[in-house]
$ cat query.txt   # compact mmCIF, C-alpha atoms
# COMPACT_ATOMS: atom_id res chain seq x y z
CA MET A 1 27.39 110.56 86.11
CA LYS A 2 30.08 110.33 88.77
CA ASN A 3 32.49 108.86 86.24
CA LYS A 4 31.87 111.80 83.89
CA TYR A 5 32.64 114.30 86.66
CA PHE A 6 35.75 112.33 87.58
CA VAL A 7 37.00 112.30 83.99
CA LEU A 8 36.23 116.01 83.56
CA THR A 9 38.04 116.86 86.80
CA PHE A 10 41.01 114.73 85.76
CA LEU A 11 41.22 116.42 82.36
CA ILE A 12 41.07 119.87 83.95
CA ILE A 13 43.87 118.95 86.35
CA VAL A 14 45.99 117.59 83.50
CA PHE A 15 45.36 120.73 81.44
CA VAL A 16 46.35 123.00 84.34
CA CYS A 17 49.50 120.95 84.94
CA ILE A 18 50.48 121.20 81.27
CA ILE A 19 49.95 124.97 81.25
CA SER A 20 51.99 125.29 84.44
CA CYS A 21 54.89 123.33 82.94
CA ILE A 22 55.10 125.38 79.74
CA PRO A 23 57.57 127.95 81.20
CA VAL A 24 59.89 125.14 82.33
CA PHE A 25 59.62 123.51 78.90
CA ILE A 26 60.50 126.79 77.18
CA LEU A 27 63.42 127.22 79.56
CA ALA A 28 64.75 123.73 78.81
CA VAL A 29 64.39 124.17 75.02
CA GLY A 30 65.93 127.65 75.09
CA SER A 31 68.98 126.37 76.98
CA VAL A 32 69.93 124.09 74.04
CA THR A 33 69.17 126.67 71.35
CA GLY A 34 71.72 129.01 69.80
CA ASP A 35 71.68 132.80 70.18
CA TYR A 36 70.79 133.46 66.55
CA GLU A 37 67.83 131.08 66.53
CA LEU A 38 66.56 132.51 69.81
CA SER A 39 66.87 136.05 68.53
CA VAL A 40 64.72 135.12 65.51
CA TYR A 41 61.98 133.39 67.48
CA LEU A 42 61.94 135.94 70.33
CA LYS A 43 62.31 139.07 68.22
CA GLY A 44 59.11 140.61 69.54
CA VAL A 45 60.22 140.23 73.17
CA LEU A 46 63.87 141.16 72.71
CA ARG A 47 63.60 144.00 70.19
CA GLY A 48 60.09 145.26 70.80
CA GLN A 49 59.16 144.72 67.17
CA GLY A 50 58.21 141.74 65.06
CA ASN A 51 56.55 138.50 66.15
CA THR A 52 57.34 136.11 68.97
CA TYR A 53 57.01 132.37 68.39
CA LEU A 54 56.91 129.40 70.73
CA LEU A 55 60.00 127.33 70.09
CA LEU A 56 59.07 123.64 70.41
CA PHE A 57 62.42 122.23 69.37
CA PRO A 58 65.57 123.94 68.08
CA ALA A 59 66.55 123.39 64.48
CA PHE A 60 70.22 123.13 65.52
CA PRO A 61 70.45 121.94 69.16
CA THR A 62 73.65 122.89 70.92
CA LEU A 63 75.22 122.59 74.36
CA ARG A 64 77.43 125.59 73.79
CA GLY A 65 75.50 127.63 76.34
CA PHE A 66 76.20 125.08 79.08
CA VAL A 67 79.89 124.86 78.14
CA GLU A 68 80.33 128.64 78.20
CA THR A 69 78.39 129.02 81.46
CA LEU A 70 80.14 126.24 83.36
CA PHE A 71 83.69 126.80 82.06
CA TYR A 72 84.01 130.41 80.89
CA GLU A 73 81.69 132.43 83.13
CA PRO A 74 83.13 132.65 86.67
CA GLU A 75 80.54 135.31 87.51
CA PHE A 76 77.87 132.64 87.45
CA TYR A 77 79.62 130.66 90.19
CA VAL A 78 79.96 133.78 92.32
CA VAL A 79 76.25 134.63 92.21
CA PHE A 80 75.23 130.97 92.51
CA TRP A 81 77.22 130.42 95.69
CA ASN A 82 76.06 133.79 97.02
CA SER A 83 72.51 132.44 96.72
CA VAL A 84 73.50 129.19 98.42
CA LYS A 85 75.20 131.08 101.25
CA LEU A 86 72.32 133.47 101.86
CA THR A 87 69.69 130.73 101.74
CA ALA A 88 71.61 128.34 104.00
CA TYR A 89 72.47 130.97 106.62
CA ILE A 90 68.91 132.28 106.72
CA VAL A 91 67.24 128.88 107.06
CA VAL A 92 69.70 127.60 109.67
CA GLY A 93 69.35 130.85 111.63
CA GLN A 94 65.57 130.61 111.44
CA MET A 95 65.63 127.12 112.92
CA PHE A 96 67.78 128.28 115.86
CA ILE A 97 65.33 131.10 116.58
CA ALA A 98 61.97 129.70 115.51
CA VAL A 99 62.08 126.27 117.17
CA PRO A 100 62.70 127.51 120.75
CA ALA A 101 60.31 130.43 120.22
CA ALA A 102 57.55 128.14 118.95
CA TRP A 103 58.14 125.78 121.88
CA GLY A 104 57.84 128.65 124.35
CA PHE A 105 54.56 129.84 122.82
CA SER A 106 53.14 126.31 122.79
CA ARG A 107 53.95 125.62 126.45
CA CYS A 108 52.79 128.96 127.85
CA HIS A 109 49.05 128.77 128.44
CA GLY A 110 47.43 132.03 129.47
CA ARG A 111 45.82 135.20 128.23
CA LEU A 112 49.07 137.15 128.19
CA ALA A 113 50.86 134.46 126.16
CA SER A 114 47.93 134.21 123.75
CA LEU A 115 47.82 137.98 123.33
CA LEU A 116 51.56 138.13 122.73
CA PHE A 117 51.34 135.37 120.13
CA TYR A 118 48.43 137.17 118.46
CA PHE A 119 50.46 140.37 118.05
CA TYR A 120 53.46 138.31 116.97
CA THR A 121 51.51 136.66 114.16
CA ILE A 122 50.31 140.06 112.95
CA LEU A 123 53.91 140.66 111.85
CA MET A 124 53.56 137.63 109.58
CA LEU A 125 50.82 139.41 107.65
CA LEU A 126 52.90 142.52 107.00
CA PRO A 127 54.59 142.56 103.57
CA PHE A 128 58.26 143.40 103.23
CA GLN A 129 57.41 146.85 101.85
CA VAL A 130 55.86 147.81 105.19
CA THR A 131 58.86 146.79 107.31
CA MET A 132 61.46 147.82 104.74
CA LEU A 133 62.21 151.24 106.20
CA SER A 134 62.53 150.05 109.78
CA ASN A 135 64.79 147.19 108.68
CA TYR A 136 66.98 149.59 106.75
CA ILE A 137 67.31 151.96 109.72
CA VAL A 138 68.36 149.14 112.05
CA ILE A 139 70.81 147.65 109.54
CA ASP A 140 72.34 151.04 108.82
CA ALA A 141 72.74 151.67 112.56
CA LEU A 142 74.49 148.32 112.96
CA GLY A 143 76.89 149.23 110.16
CA ILE A 144 76.25 146.07 108.13
CA ASN A 145 74.66 147.68 105.08
CA ASP A 146 75.93 146.29 101.75
CA THR A 147 76.93 142.98 103.38
CA HIS A 148 75.27 139.59 103.36
CA GLY A 149 74.48 140.11 107.02
CA ALA A 150 72.05 142.87 106.03
CA VAL A 151 69.96 140.31 104.14
CA ILE A 152 70.42 137.43 106.57
CA LEU A 153 69.71 139.16 109.89
CA PRO A 154 66.12 140.37 109.25
CA ALA A 155 65.16 137.10 107.55
CA VAL A 156 66.39 135.01 110.48
CA PHE A 157 63.70 136.56 112.69
CA SER A 158 60.85 135.82 110.26
CA THR A 159 57.56 135.02 112.00
CA PHE A 160 56.19 132.38 109.63
CA PRO A 161 58.53 129.55 110.75
CA VAL A 162 57.52 130.22 114.36
CA PHE A 163 53.84 130.02 113.45
CA LEU A 164 54.21 126.79 111.48
CA ILE A 165 56.38 125.01 114.07
CA TYR A 166 54.12 126.27 116.88
CA ARG A 167 51.18 124.45 115.31
CA SER A 168 53.29 121.28 115.16
CA PHE A 169 54.09 121.51 118.87
CA LEU A 170 50.39 121.91 119.59
CA GLY A 171 49.72 118.73 117.65
CA VAL A 172 51.63 116.68 120.24
CA PRO A 173 49.14 115.19 122.76
CA GLU A 174 49.41 116.71 126.23
CA GLU A 175 49.49 113.19 127.69
CA VAL A 176 52.90 112.65 126.10
CA TYR A 177 54.33 115.66 127.95
CA GLU A 178 52.71 114.55 131.20
CA ALA A 179 54.15 111.04 130.84
CA PHE A 180 57.64 112.42 130.28
CA SER A 181 57.32 114.80 133.25
CA LEU A 182 56.90 111.77 135.51
CA GLU A 183 60.42 110.67 134.59
CA SER A 184 62.09 114.08 134.48
CA SER A 185 61.11 117.58 135.54
CA SER A 186 63.59 119.20 133.16
CA ARG A 187 61.81 121.35 130.57
CA LEU A 188 64.98 121.45 128.49
CA ARG A 189 65.11 117.64 128.27
CA MET A 190 61.42 117.56 127.39
CA PHE A 191 62.11 120.04 124.60
CA TYR A 192 64.96 117.98 123.12
CA HIS A 193 63.62 114.46 123.68
CA VAL A 194 59.88 114.96 123.14
CA GLY A 195 59.08 118.30 121.54
CA ILE A 196 61.61 118.38 118.70
CA PRO A 197 61.25 114.72 117.56
CA LEU A 198 57.44 114.83 117.52
CA ALA A 199 57.30 118.27 115.87
CA MET A 200 59.91 117.35 113.27
CA PRO A 201 57.39 117.34 110.35
CA GLY A 202 56.62 121.01 110.98
CA ILE A 203 60.31 121.83 111.40
CA LYS A 204 61.20 120.11 108.12
CA ALA A 205 58.32 121.81 106.31
CA SER A 206 59.38 125.20 107.64
CA ALA A 207 62.98 124.64 106.52
CA LEU A 208 61.97 123.47 103.03
CA LEU A 209 59.54 126.36 102.53
CA GLY A 210 62.26 128.73 103.72
CA VAL A 211 64.72 127.36 101.17
CA ILE A 212 62.21 127.82 98.36
CA GLU A 213 61.32 131.36 99.47
CA TYR A 214 64.81 132.73 100.05
CA TRP A 215 66.39 131.03 97.04
CA ASN A 216 64.26 133.33 94.88
CA MET A 217 64.27 136.51 96.98
CA VAL A 218 64.70 139.77 95.10
CA GLU A 219 63.55 142.73 97.19
CA GLN A 220 65.87 142.22 100.17
CA PRO A 221 69.12 141.92 98.15
CA LEU A 222 68.00 144.74 95.87
CA LEU A 223 67.59 147.06 98.86
CA PHE A 224 70.58 146.07 101.01
CA LEU A 225 73.25 144.93 98.52
CA LYS A 226 74.87 147.56 96.29
CA THR A 227 78.04 145.67 95.37
CA PRO A 228 77.45 143.35 92.36
CA ALA A 229 79.95 140.82 93.73
CA LEU A 230 77.56 140.20 96.64
CA TRP A 231 74.44 139.72 94.53
CA PRO A 232 72.54 136.43 94.37
CA TYR A 233 71.52 135.05 91.00
CA SER A 234 68.06 136.66 91.29
CA LEU A 235 69.65 140.08 90.76
CA TYR A 236 72.35 138.94 88.37
CA ILE A 237 70.25 137.19 85.71
CA PRO A 238 67.94 140.17 84.92
CA GLY A 239 71.04 142.26 84.23
CA ILE A 240 72.43 139.95 81.54
CA SER A 241 72.46 141.52 78.09
CA TYR A 242 69.93 140.25 75.55
CA ASP A 243 72.85 139.79 73.15
CA ASN A 244 73.66 136.62 75.10
CA ILE A 245 70.13 135.29 75.42
CA SER A 246 71.13 131.60 75.56
CA TYR A 247 73.24 132.39 78.64
CA ILE A 248 70.09 133.64 80.38
CA PHE A 249 68.24 130.41 79.60
CA VAL A 250 71.12 128.23 80.78
CA CYS A 251 71.63 130.16 84.02
CA SER A 252 67.92 130.09 84.77
CA LEU A 253 67.70 126.35 84.15
CA ILE A 254 70.72 125.54 86.32
CA VAL A 255 69.42 127.51 89.31
CA LEU A 256 66.00 125.91 88.85
CA ILE A 257 67.31 122.35 89.14
CA PRO A 258 68.11 122.47 92.91
CA MET A 259 64.58 123.69 93.66
CA ILE A 260 63.04 120.92 91.55
CA LEU A 261 65.05 118.32 93.47
CA ILE A 262 64.11 119.85 96.82
CA ILE A 263 60.41 120.06 95.96
CA PHE A 264 60.18 116.46 94.73
CA GLY A 265 62.33 115.16 97.57
CA GLY A 266 60.57 117.06 100.34
CA LYS A 267 56.98 117.30 99.17
CA GLY A 268 55.93 114.62 101.65
CA ALA A 269 57.48 116.48 104.57
CA VAL A 270 55.88 119.75 103.47
CA SER A 271 52.44 118.16 103.18
CA GLU A 272 52.75 116.54 106.60
CA GLY A 273 54.03 119.72 108.20
CA ILE A 274 51.34 121.91 106.66
CA GLY A 275 48.76 119.38 107.84
CA ALA A 276 49.81 120.07 111.41
CA MET A 277 48.54 123.65 111.05
CA ALA A 278 44.99 122.32 111.06
CA VAL A 279 45.35 121.24 114.67
CA LYS A 280 43.41 123.52 116.99
CA LYS A 281 44.52 124.44 120.41
$ encode --input "query.txt" --output "structure tokens"
Amino acid sequence: MKNKYFVLTFLIIVFVCIISCIPVFILAVGSVTGDYELSVYLKGVLRGQGNTYLLLFPAFPTLRGFVETLFYEPEFYVVFWNSVKLTAYIVVGQMFIAVPAAWGFSRCHGRLASLLFYFYTILMLLPFQVTMLSNYIVIDALGINDTHGAVILPAVFSTFPVFLIYRSFLGVPEEVYEAFSLESSSRLRMFYHVGIPLAMPGIKASALLGVIEYWNMVEQPLLFLKTPALWPYSLYIPGISYDNISYIFVCSLIVLIPMILIIFGGKGAVSEGIGAMAVKK
């Protein structure tokens, strides 16, 4: 009986995995398919009339879309590196803010600190639509609207990295801090030599999750960036004409590859860092 349940569970998992991978498969196939063939198979989606078919393999595979994208479309490089810049600046800025903030919350034991952390985590539950107006007012007052700083600055002070890294600091046994305090009374040295190394799984997980989140952000650039030259790929790709449908597939596949590499390379760190959130104070 147990073997039957195991086999059934395994088959369900395999089925769900296959269904989840279908969009990536379609993306990969579409990137090596010509515009005419795509327009025939995707007529219902592109023109609003006719039927849409699942393209399993192109009749005439071609790499023309990759050649045109990589050698004749400089706009793609602009939006791609805009995405890299925004993501890198946001994640690095978050680490500079979140790590010390999480350390401070983890080392302050008292009702006032607990209450402050409680209100702080409430901000994590608020969607961007709720804080959008206040963010816009502050950014407009600072005079950085329609610049990358308008997207980077609010994201740097995100609350989720603080919450995740805070749980990692709590996972460090108190005896370790007490043992270090016998050698040095410097809190700063304790932070650098004990806190950061032992909480590194949570820090890595926070950074990786931040990369995945901000690589695909849409709402923040849509609100704060009006100049197309400043757009990330997430705003650029939806604006591509359907007359060049293969270009859309190629662009989408290229920007997906870095995330696939990051997810497979850092899945262990993410799992370990998320596991630290189960530690109770």
$ residues_around --input "query.txt" --residues "region 102-112 of chain A" --least-positions-apart "3" --cutoff "6 Å" --atoms "only C-alpha atoms" --output "number ranges by chain"
A: 98-99, 115, 162, 165-166
$ write_last_selection --input "query.txt" --atoms "C-alpha atoms" --output "PDB file, in the coordinates of the input"
ATOM      1  CA  ALA A  98      61.970 129.700 115.510  1.00  0.00           C
ATOM      2  CA  VAL A  99      62.080 126.270 117.170  1.00  0.00           C
ATOM      3  CA  LEU A 115      47.820 137.980 123.330  1.00  0.00           C
ATOM      4  CA  VAL A 162      57.520 130.220 114.360  1.00  0.00           C
ATOM      5  CA  ILE A 165      56.380 125.010 114.070  1.00  0.00           C
ATOM      6  CA  TYR A 166      54.120 126.270 116.880  1.00  0.00           C
TER       7      TYR A 166
END
$ atom_distance --input "query.txt" --atom1 "CA of Pro232 (chain A)" --atom2 "CA of Phe163 (chain A)"
27.5 Å
$ residues_around --input "query.txt" --residues "region 32-38 of chain A" --least-positions-apart "2" --cutoff "12 Å" --atoms "all atoms listed in the file" --output "NGL selection string"
:A and (25-30 or 40-47 or 52-67 or 241-251 or 253)
$ residues_around --input "query.txt" --residues "region 180-191 of chain A" --least-positions-apart "2" --cutoff "12 Å" --atoms "all atoms listed in the file" --output "number ranges by chain"
A: 99-104, 106-107, 169, 172-178, 193-200
$ atom_distance --input "query.txt" --atom1 "CA of Phe160 (chain A)" --atom2 "CA of Ile262 (chain A)"
19.6 Å
$ residues_around --input "query.txt" --residues "region 135-147 of chain A" --least-positions-apart "4" --cutoff "8 Å" --atoms "all atoms listed in the file" --output "list in words"
Thr131, Val151, Pro154, Phe224, Leu225, Lys226, Thr227 and Leu230 of chain A
$ write_last_selection --input "query.txt" --atoms "C-alpha atoms" --output "PDB file, in the frame of the given file"
ATOM      1  CA  THR A 131      58.860 146.790 107.310  1.00  0.00           C
ATOM      2  CA  VAL A 151      69.960 140.310 104.140  1.00  0.00           C
ATOM      3  CA  PRO A 154      66.120 140.370 109.250  1.00  0.00           C
ATOM      4  CA  PHE A 224      70.580 146.070 101.010  1.00  0.00           C
ATOM      5  CA  LEU A 225      73.250 144.930  98.520  1.00  0.00           C
ATOM      6  CA  LYS A 226      74.870 147.560  96.290  1.00  0.00           C
ATOM      7  CA  THR A 227      78.040 145.670  95.370  1.00  0.00           C
ATOM      8  CA  LEU A 230      77.560 140.200  96.640  1.00  0.00           C
TER       9      LEU A 230
END
$ atom_distance --input "query.txt" --atom1 "CA of Ser234 (chain A)" --atom2 "CA of Val218 (chain A)"
6.0 Å
$ closest_residue --input "query.txt" --among "A:Thr159, A:Pro201, A:Gln94, A:Leu261" --to "Leu125 (chain A)" --atoms "only C-alpha atoms"
A:Thr159
$ closest_residue --input "query.txt" --among "A:Thr121, A:Ser83, A:Ser114, A:Ser271" --to "Ile212 (chain A)" --atoms "all atoms listed in the file"
A:Ser83
$ residues_around --input "query.txt" --residues "Tyr214 (chain A)" --least-positions-apart "2" --cutoff "10 Å" --atoms "all atoms listed in the file" --output "list in words"
Ser83, Val84, Leu86, Thr87, Ala88, Ile90, Val91, Ile152, Ala155, Leu209, Gly210, Val211, Ile212, Asn216, Met217, Val218 and Gln220 of chain A
